[in-house]
$ cat final-v2.tsv   # TSV, C-alpha atoms and all ligand atoms
chain	number	residue	atom	x	y	z
A	215	MET	CA	23.53	-33.07	-0.96
A	216	GLN	CA	25.89	-31.41	1.56
A	217	LEU	CA	24.86	-27.87	2.53
A	218	ASP	CA	27.36	-25.07	2.95
A	219	GLU	CA	26.42	-22.20	5.28
A	220	VAL	CA	28.48	-19.59	3.46
A	221	THR	CA	26.77	-20.45	0.17
A	222	ILE	CA	23.38	-20.00	1.86
A	223	SER	CA	24.46	-16.57	3.12
A	224	ARG	CA	25.94	-15.58	-0.24
A	225	ALA	CA	22.77	-16.71	-2.07
A	226	ILE	CA	20.68	-14.38	0.09
A	227	LEU	CA	23.07	-11.44	-0.01
A	228	GLU	CA	23.85	-11.52	-3.71
A	229	THR	CA	20.30	-12.09	-4.99
A	230	HIS	CA	18.74	-9.50	-2.71
A	231	ALA	CA	21.44	-6.90	-3.32
A	232	LYS	CA	20.94	-7.33	-7.09
A	233	LEU	CA	17.15	-7.01	-6.80
A	234	PHE	CA	17.37	-4.08	-4.38
A	235	SER	CA	19.77	-2.27	-6.69
A	236	GLU	CA	17.42	-2.81	-9.68
A	237	TYR	CA	14.44	-1.57	-7.67
A	238	LEU	CA	16.10	1.66	-6.55
A	239	GLU	CA	14.50	3.13	-9.68
A	240	LEU	CA	10.79	2.44	-9.73
A	241	ASP	CA	7.82	3.34	-11.86
A	242	ILE	CA	5.56	3.17	-8.82
A	243	ALA	CA	6.53	3.12	-5.13
A	244	ILE	CA	3.72	1.95	-2.88
A	245	VAL	CA	4.33	2.83	0.74
A	246	GLY	CA	2.43	0.42	2.98
A	247	GLY	CA	1.41	-3.15	2.27
A	248	GLY	CA	-2.08	-3.06	3.79
A	249	PRO	CA	-5.15	-4.04	1.76
A	250	SER	CA	-5.27	-0.87	-0.33
A	251	GLY	CA	-1.52	-1.00	-1.10
A	252	LEU	CA	-1.63	-4.70	-1.96
A	253	ALA	CA	-4.65	-4.34	-4.25
A	254	CYS	CA	-3.04	-1.35	-5.92
A	255	ALA	CA	0.28	-3.17	-6.37
A	256	ALA	CA	-1.34	-6.20	-7.94
A	257	LEU	CA	-3.44	-4.11	-10.32
A	258	ILE	CA	-0.56	-1.91	-11.51
A	259	ALA	CA	2.10	-4.60	-11.73
A	260	GLU	CA	-0.34	-6.61	-13.88
A	261	LYS	CA	0.18	-3.93	-16.53
A	262	GLY	CA	3.92	-4.54	-16.65
A	263	LEU	CA	5.04	-1.53	-14.58
A	264	LYS	CA	7.94	-1.75	-12.14
A	265	VAL	CA	6.32	-1.67	-8.72
A	266	GLY	CA	7.93	-1.81	-5.29
A	267	ILE	CA	5.98	-2.12	-2.04
A	268	ILE	CA	7.80	-0.64	0.93
A	269	GLU	CA	6.46	-2.03	4.19
A	270	LYS	CA	7.84	-1.10	7.58
A	271	LYS	CA	6.69	-4.23	9.38
A	272	LEU	CA	7.85	-7.83	9.06
A	273	SER	CA	4.61	-8.86	7.41
A	274	VAL	CA	2.38	-7.17	4.88
A	275	GLY	CA	-1.41	-7.11	5.36
A	276	GLY	CA	-1.68	-4.07	7.63
A	277	GLY	CA	-5.00	-3.87	9.43
A	278	MET	CA	-6.59	-6.67	7.47
A	279	TRP	CA	-5.16	-9.70	9.30
A	280	GLY	CA	-7.11	-9.06	12.46
A	281	GLY	CA	-10.53	-8.71	10.81
A	282	GLY	CA	-12.91	-7.05	13.26
A	283	MET	CA	-11.66	-6.89	16.84
A	284	THR	CA	-9.55	-10.06	16.31
A	285	PHE	CA	-12.43	-12.04	14.76
A	286	PRO	CA	-10.67	-13.00	11.51
A	287	ARG	CA	-13.48	-12.03	9.16
A	288	ILE	CA	-13.90	-9.00	6.94
A	289	VAL	CA	-16.99	-7.58	5.28
A	290	VAL	CA	-17.01	-6.38	1.68
A	291	GLN	CA	-20.06	-4.64	0.32
A	292	GLU	CA	-21.70	-5.14	-3.07
A	293	GLU	CA	-19.50	-2.57	-4.85
A	294	GLY	CA	-16.30	-4.41	-3.89
A	295	LYS	CA	-17.49	-7.95	-4.66
A	296	ARG	CA	-16.04	-7.96	-8.17
A	297	LEU	CA	-12.58	-7.40	-6.66
A	298	LEU	CA	-13.04	-10.36	-4.29
A	299	ASP	CA	-13.79	-12.35	-7.45
A	300	HIS	CA	-10.82	-10.85	-9.29
A	301	PHE	CA	-8.45	-11.94	-6.53
A	302	HIS	CA	-10.18	-15.35	-6.08
A	303	ILE	CA	-11.05	-14.58	-2.46
A	304	ARG	CA	-13.89	-16.83	-1.32
A	305	TYR	CA	-16.85	-15.35	0.55
A	306	GLU	CA	-20.36	-16.01	1.74
A	307	GLU	CA	-23.28	-13.63	1.41
A	308	TYR	CA	-24.40	-12.83	4.95
A	309	LYS	CA	-27.27	-10.56	3.91
A	310	PRO	CA	-27.95	-9.04	0.49
A	311	GLY	CA	-24.90	-6.94	-0.42
A	312	TYR	CA	-22.80	-7.95	2.64
A	313	TYR	CA	-20.08	-10.46	1.73
A	314	VAL	CA	-17.94	-12.03	4.46
A	315	ALA	CA	-14.45	-13.41	3.79
A	316	SER	CA	-11.61	-14.77	5.90
A	317	SER	CA	-9.16	-11.98	6.71
A	318	VAL	CA	-6.25	-14.42	6.49
A	319	GLU	CA	-7.29	-15.68	3.07
A	320	SER	CA	-7.86	-12.10	1.91
A	321	VAL	CA	-4.36	-10.92	2.87
A	322	SER	CA	-2.78	-14.08	1.48
A	323	LYS	CA	-4.51	-13.88	-1.89
A	324	LEU	CA	-3.90	-10.16	-2.31
A	325	THR	CA	-0.23	-10.73	-1.49
A	326	ALA	CA	0.01	-13.67	-3.87
A	327	ALA	CA	-1.67	-11.63	-6.61
A	328	ALA	CA	0.85	-8.81	-6.14
A	329	CYS	CA	3.75	-11.31	-6.29
A	330	ASP	CA	2.34	-13.08	-9.36
A	331	ALA	CA	1.84	-9.76	-11.11
A	332	GLY	CA	5.55	-8.98	-10.60
A	333	ALA	CA	5.51	-6.46	-7.74
A	334	GLU	CA	8.49	-6.70	-5.38
A	335	PHE	CA	8.28	-6.39	-1.60
A	336	PHE	CA	10.72	-4.53	0.62
A	337	ASN	CA	9.58	-5.32	4.13
A	338	LEU	CA	11.22	-4.17	7.36
A	339	THR	CA	11.84	-0.93	5.47
A	340	SER	CA	10.44	2.37	6.72
A	341	VAL	CA	9.88	5.51	4.70
A	342	GLU	CA	11.10	8.49	6.73
A	343	ASP	CA	11.21	11.31	4.17
A	344	VAL	CA	10.57	12.19	0.54
A	345	VAL	CA	12.71	13.57	-2.28
A	346	ILE	CA	11.41	16.82	-3.78
A	347	LYS	CA	13.73	18.73	-6.11
A	348	GLY	CA	13.45	21.66	-8.51
A	349	ASP	CA	10.42	20.35	-10.37
A	350	GLY	CA	8.49	20.44	-7.09
A	351	ARG	CA	7.15	16.91	-7.23
A	352	VAL	CA	7.71	13.85	-5.08
A	353	SER	CA	10.33	11.95	-7.07
A	354	GLY	CA	11.68	9.55	-4.49
A	355	LEU	CA	11.68	8.23	-0.95
A	356	VAL	CA	14.16	8.18	1.89
A	357	ILE	CA	14.17	4.72	3.43
A	358	THR	CA	15.70	3.15	6.46
A	359	SER	CA	15.75	-0.25	8.10
A	360	THR	CA	12.87	-0.55	10.59
A	361	PRO	CA	15.08	-2.11	13.31
A	362	VAL	CA	17.44	0.87	12.91
A	363	GLN	CA	14.49	3.23	13.25
A	364	MET	CA	13.14	1.35	16.28
A	365	THR	CA	16.47	1.39	18.09
A	366	GLY	CA	17.15	5.00	17.23
A	367	LEU	CA	20.67	4.17	16.01
A	368	HIS	CA	22.36	7.00	14.17
A	369	VAL	CA	22.63	5.40	10.71
A	370	ASP	CA	22.10	7.33	7.49
A	371	PRO	CA	19.28	6.18	5.24
A	372	LEU	CA	19.22	5.22	1.55
A	373	THR	CA	17.12	6.76	-1.21
A	374	LEU	CA	15.10	5.35	-4.08
A	375	SER	CA	13.45	7.10	-6.99
A	376	ALA	CA	9.88	6.64	-8.20
A	377	LYS	CA	7.93	8.23	-11.02
A	378	VAL	CA	4.78	8.04	-8.88
A	379	THR	CA	4.48	7.41	-5.14
A	380	ILE	CA	1.38	6.05	-3.45
A	381	ASP	CA	0.75	6.77	0.21
A	382	ALA	CA	-1.01	3.62	1.42
A	383	THR	CA	0.16	3.94	5.03
A	384	GLY	CA	-3.34	3.87	6.51
A	385	HIS	CA	-4.66	6.08	9.29
A	386	ASP	CA	-1.30	7.86	9.80
A	387	ALA	CA	-0.89	9.05	6.17
A	388	VAL	CA	2.86	9.01	6.77
A	389	VAL	CA	4.08	10.14	3.35
A	390	ALA	CA	1.64	13.06	3.24
A	391	HIS	CA	2.95	14.10	6.66
A	392	CYS	CA	6.57	13.88	5.42
A	393	VAL	CA	5.70	16.35	2.64
A	394	LYS	CA	3.82	18.68	4.95
A	395	LYS	CA	6.49	18.62	7.67
A	396	LYS	CA	9.04	20.15	5.28
A	397	GLY	CA	6.65	22.83	4.03
A	398	GLY	CA	4.91	21.06	1.13
A	399	ALA	CA	1.45	22.46	0.47
A	400	ILE	CA	-0.81	19.64	1.59
A	401	GLU	CA	-3.72	20.17	3.91
A	402	ILE	CA	-4.10	17.13	6.17
A	403	ARG	CA	-7.44	17.37	7.87
A	404	GLY	CA	-7.20	14.18	9.95
A	405	GLU	CA	-9.58	11.28	10.19
A	406	SER	CA	-13.11	11.85	11.43
A	407	PHE	CA	-15.56	9.76	13.48
A	408	MET	CA	-16.78	6.27	12.57
A	409	TRP	CA	-19.42	6.42	9.82
A	410	ALA	CA	-18.98	3.39	7.60
A	411	ASP	CA	-21.49	4.26	4.88
A	412	ARG	CA	-20.14	7.77	4.38
A	413	ALA	CA	-16.48	6.75	4.59
A	414	GLU	CA	-16.94	4.00	2.01
A	415	ALA	CA	-19.04	6.15	-0.30
A	416	ASN	CA	-16.44	8.95	-0.39
A	417	ILE	CA	-13.14	7.10	-0.41
A	418	ILE	CA	-12.83	6.97	-4.19
A	419	SER	CA	-13.18	10.74	-4.54
A	420	HIS	CA	-10.50	11.18	-1.84
A	421	THR	CA	-8.14	8.79	-3.64
A	422	LYS	CA	-6.28	11.32	-5.73
A	423	GLU	CA	-2.99	13.07	-6.43
A	424	ILE	CA	-2.66	15.15	-3.26
A	425	PHE	CA	0.71	16.63	-4.22
A	426	PRO	CA	2.54	16.39	-7.54
A	427	GLY	CA	3.78	12.79	-7.86
A	428	LEU	CA	1.97	11.60	-4.71
A	429	ILE	CA	-1.37	9.76	-4.62
A	430	ALA	CA	-3.20	9.08	-1.36
A	431	CYS	CA	-4.87	5.69	-1.24
A	432	GLY	CA	-6.91	3.66	1.26
A	433	MET	CA	-7.38	5.00	4.77
A	434	ALA	CA	-4.60	7.55	4.15
A	435	ALA	CA	-6.84	9.18	1.53
A	436	ASN	CA	-9.68	9.52	4.04
A	437	ALA	CA	-7.33	10.77	6.76
A	438	VAL	CA	-5.94	13.50	4.50
A	439	ALA	CA	-9.45	14.53	3.46
A	440	GLY	CA	-10.87	14.69	7.02
A	441	GLU	CA	-13.21	11.87	6.12
A	442	ALA	CA	-14.87	9.34	8.43
A	443	ARG	CA	-13.42	5.94	9.34
A	444	MET	CA	-15.22	2.71	8.53
A	445	GLY	CA	-13.94	-0.16	10.68
A	446	ALA	CA	-13.92	-3.71	9.38
A	447	VAL	CA	-15.59	-3.17	6.02
A	448	PHE	CA	-12.93	-3.43	3.30
A	449	GLY	CA	-14.63	-2.85	-0.06
A	450	GLY	CA	-13.44	0.76	-0.06
A	451	MET	CA	-9.82	-0.31	0.53
A	452	LEU	CA	-9.85	-2.59	-2.51
A	453	LEU	CA	-11.67	-0.05	-4.68
A	454	SER	CA	-9.35	2.75	-3.55
A	455	GLY	CA	-6.34	0.58	-4.45
A	456	GLU	CA	-7.85	-0.01	-7.87
A	457	HIS	CA	-8.53	3.69	-8.38
A	458	ALA	CA	-5.00	4.64	-7.29
A	459	ALA	CA	-3.63	2.12	-9.80
A	460	ASP	CA	-5.67	3.73	-12.60
A	461	LEU	CA	-4.58	7.23	-11.58
A	462	ALA	CA	-0.91	6.24	-11.43
A	463	LYS	CA	-1.12	4.74	-14.90
A	464	THR	CA	-2.74	7.92	-16.23
A	465	ILE	CA	-0.08	10.15	-14.63
A	466	LEU	CA	2.69	8.06	-16.18
A	467	ARG	CA	0.99	8.05	-19.58
A	468	ASP	CA	0.41	11.83	-19.52
A	469	ARG	CA	3.98	12.47	-18.49
A	470	ARG	CA	5.27	10.36	-21.38
A	471	GLY	CA	3.14	12.58	-23.62
B	501	LIG	O1	-3.31	0.40	7.95
B	501	LIG	P1	-3.34	-0.36	6.68
B	501	LIG	O2	-4.03	-1.66	6.66
B	501	LIG	O3	-3.88	0.66	5.54
B	501	LIG	P2	-4.99	0.56	4.42
B	501	LIG	O4	-4.52	-0.24	3.26
B	501	LIG	O5	-6.19	-0.24	5.11
B	501	LIG	C1	-6.86	0.23	6.25
B	501	LIG	C2	-7.55	-0.95	6.90
B	501	LIG	O6	-6.61	-1.92	7.29
B	501	LIG	C3	-8.40	-0.60	8.13
B	501	LIG	C4	-9.60	0.23	7.86
B	501	LIG	C5	-10.51	-0.01	6.74
B	501	LIG	O7	-11.06	-1.15	6.55
B	501	LIG	O8	-9.86	1.15	8.57
B	501	LIG	O9	-7.58	0.06	9.07
B	501	LIG	O10	-5.42	1.94	4.18
B	501	LIG	O11	-1.85	-0.62	6.19
B	501	LIG	C6	-0.88	0.41	6.17
B	501	LIG	C7	0.50	-0.23	6.08
B	501	LIG	O12	1.47	0.81	5.95
B	501	LIG	C8	2.61	0.44	6.71
B	501	LIG	C9	2.01	-0.26	7.95
B	501	LIG	O13	2.95	-1.07	8.60
B	501	LIG	C10	0.85	-1.04	7.33
B	501	LIG	O14	1.23	-2.35	6.95
B	501	LIG	N1	3.37	1.65	7.03
B	501	LIG	C11	3.02	2.63	7.91
B	501	LIG	N2	3.97	3.56	7.97
B	501	LIG	C12	4.96	3.18	7.12
B	501	LIG	C13	4.58	1.95	6.51
B	501	LIG	C14	6.24	3.72	6.75
B	501	LIG	N3	6.70	4.85	7.28
B	501	LIG	N4	6.98	3.04	5.86
B	501	LIG	C15	6.55	1.88	5.31
B	501	LIG	N5	5.34	1.32	5.63
$ encode --input "final-v2.tsv" --output "structure tokens" --more "lines below"
Ligand code: 48F
Amino acid sequence: MQLDEVTISRAILETHAKLFSEYLELDIAIVGGGPSGLACAALIAEKGLKVGIIEKKLSVGGGMWGGGMTFPRIVVQEEGKRLLDHFHIRYEEYKPGYYVASSVESVSKLTAAACDAGAEFFNLTSVEDVVIKGDGRVSGLVITSTPVQMTGLHVDPLTLSAKVTIDATGHDAVVAHCVKKKGGAIEIRGESFMWADRAEANIISHTKEIFPGLIACGMAANAVAGEARMGAVFGGMLLSGEHAADLAKTILRDRRG
């Protein structure tokens, strides 16, 4: 077979433009492809909803790749073990209730699960603002190309719509800050000191709709709530992603009536 460079370029441009255009109207927009966003994406897309993951970096995985201080291992406690099983992530029991998994395998299998479930990824894409109109809820996102953002070039962004948005941007809680910056009534208390047990115990109650149409998930939920951080234990991230998926489904169902 003789390859033609223009056909390669056209294949990329035409297929991505078509997909991008279809995904400008989403059921669920997940901002951030870290562990909580990936788990959430896989568990919502599994139910047949149209899910897009917007990730500013080249690769998804967020803070999970590096494990603990570059040692590529993560710990998941008893409560999160069933999600390791759900995503076919292998682990060993280090001590009762402490399960250790490869961080690389964990990111890879969460990502594969999200792909298999039908979620679509938009990497190198940064969320820089939200759409809030007369109904007072977050109904879309303003997105730009990360290289454009990094270089500070004066290029206007694009916009997508989403019935529900999930802020899974980690410690920075970027989407919550976008809402607050323009006067939206969200109190962002900021992350507190390291206290793994407390942070993990409370993350589910902090995973909630923090503004109409916007759910905080993962470390963003703890940062908004003024909750502790937890370091390289990841059960709470998976469980928070699962809880955000359930909440998003309920919001959509209630809105349909
Ligand atoms: O930080 P991150 O991994 O968030 P998470 O899912 O998990 C937290 C843990 O990794 C760890 C921890 C607990 O074990 O303390 O830190 O809550 O992933 C957040 C993702 O959001 C992306 C960012 O690149 C990362 O991949 N992100 C951040 N800002 C934006 C964004 C933005 N403006 N637009 C798109 N993506």
$ residues_around --input "final-v2.tsv" --residues "Val318 of chain A" --least-positions-apart "6" --cutoff "9 Å" --atoms "all atoms listed in the file" --output "JSON list (two decimals) with C-alpha atoms, keeping the file's coordinate frame"
[["chain", "number", "residue", "atom", "x", "y", "z"],
["A", 275, "GLY", "CA", -1.41, -7.11, 5.36],
["A", 278, "MET", "CA", -6.59, -6.67, 7.47],
["A", 279, "TRP", "CA", -5.16, -9.70, 9.30],
["A", 280, "GLY", "CA", -7.11, -9.06, 12.46],
["A", 281, "GLY", "CA", -10.53, -8.71, 10.81],
["A", 286, "PRO", "CA", -10.67, -13.00, 11.51],
["A", 287, "ARG", "CA", -13.48, -12.03, 9.16]]
$ residues_near_ligand --input "final-v2.tsv" --ligand "ligand LIG 501 (chain B)" --cutoff "7 Å" --atoms "only C-alpha atoms and all ligand atoms" --output "MDAnalysis selection string"
chainID A and resid 245:251 268:271 274:278 339:342 382:385 388 431:434 443:448 451
$ closest_residue --input "final-v2.tsv" --among "A:Leu374, A:Ile244, A:Ile418, A:Ala437" --to "Ile402 of chain A" --atoms "only C-alpha atoms"
A:Ala437
$ axis_aligned_box --input "final-v2.tsv" --around "segment 291-296 of chain A" --padding-each-side "5 Å" --output "lines of an AutoDock Vina configuration file"
center_x = -18.9
center_y = -5.3
center_z = -3.9
size_x = 15.7
size_y = 15.4
size_z = 18.5
$ closest_residue --input "final-v2.tsv" --among "A:Leu257, A:Val344, A:Ile424, A:Leu297" --to "Ala399 of chain A" --atoms "all atoms listed in the file"
A:Ile424
$ closest_residue --input "final-v2.tsv" --among "A:Ala331, A:Ile303, A:Val314, A:Ala430" --to "Phe285 of chain A" --atoms "all atoms listed in the file"
A:Val314
$ residues_around --input "final-v2.tsv" --residues "Thr373 of chain A" --least-positions-apart "3" --cutoff "8 Å" --atoms "only C-alpha atoms" --output "list in words"
Leu238, Gly354, Leu355, Val356 and Ile357 of chain A
$ closest_residue --input "final-v2.tsv" --among "A:Glu228, A:Glu260, A:Glu293, A:Asp411" --to "Ala333 of chain A" --atoms "only C-alpha atoms"
A:Glu260
$ atom_distance --input "final-v2.tsv" --atom1 "atom CA of Gly398 of chain A" --atom2 "atom CA of Val438 of chain A"
13.6 Å
$ atom_distance --input "final-v2.tsv" --atom1 "atom CA of His368 of chain A" --atom2 "atom CA of Lys394 of chain A"
23.8 Å
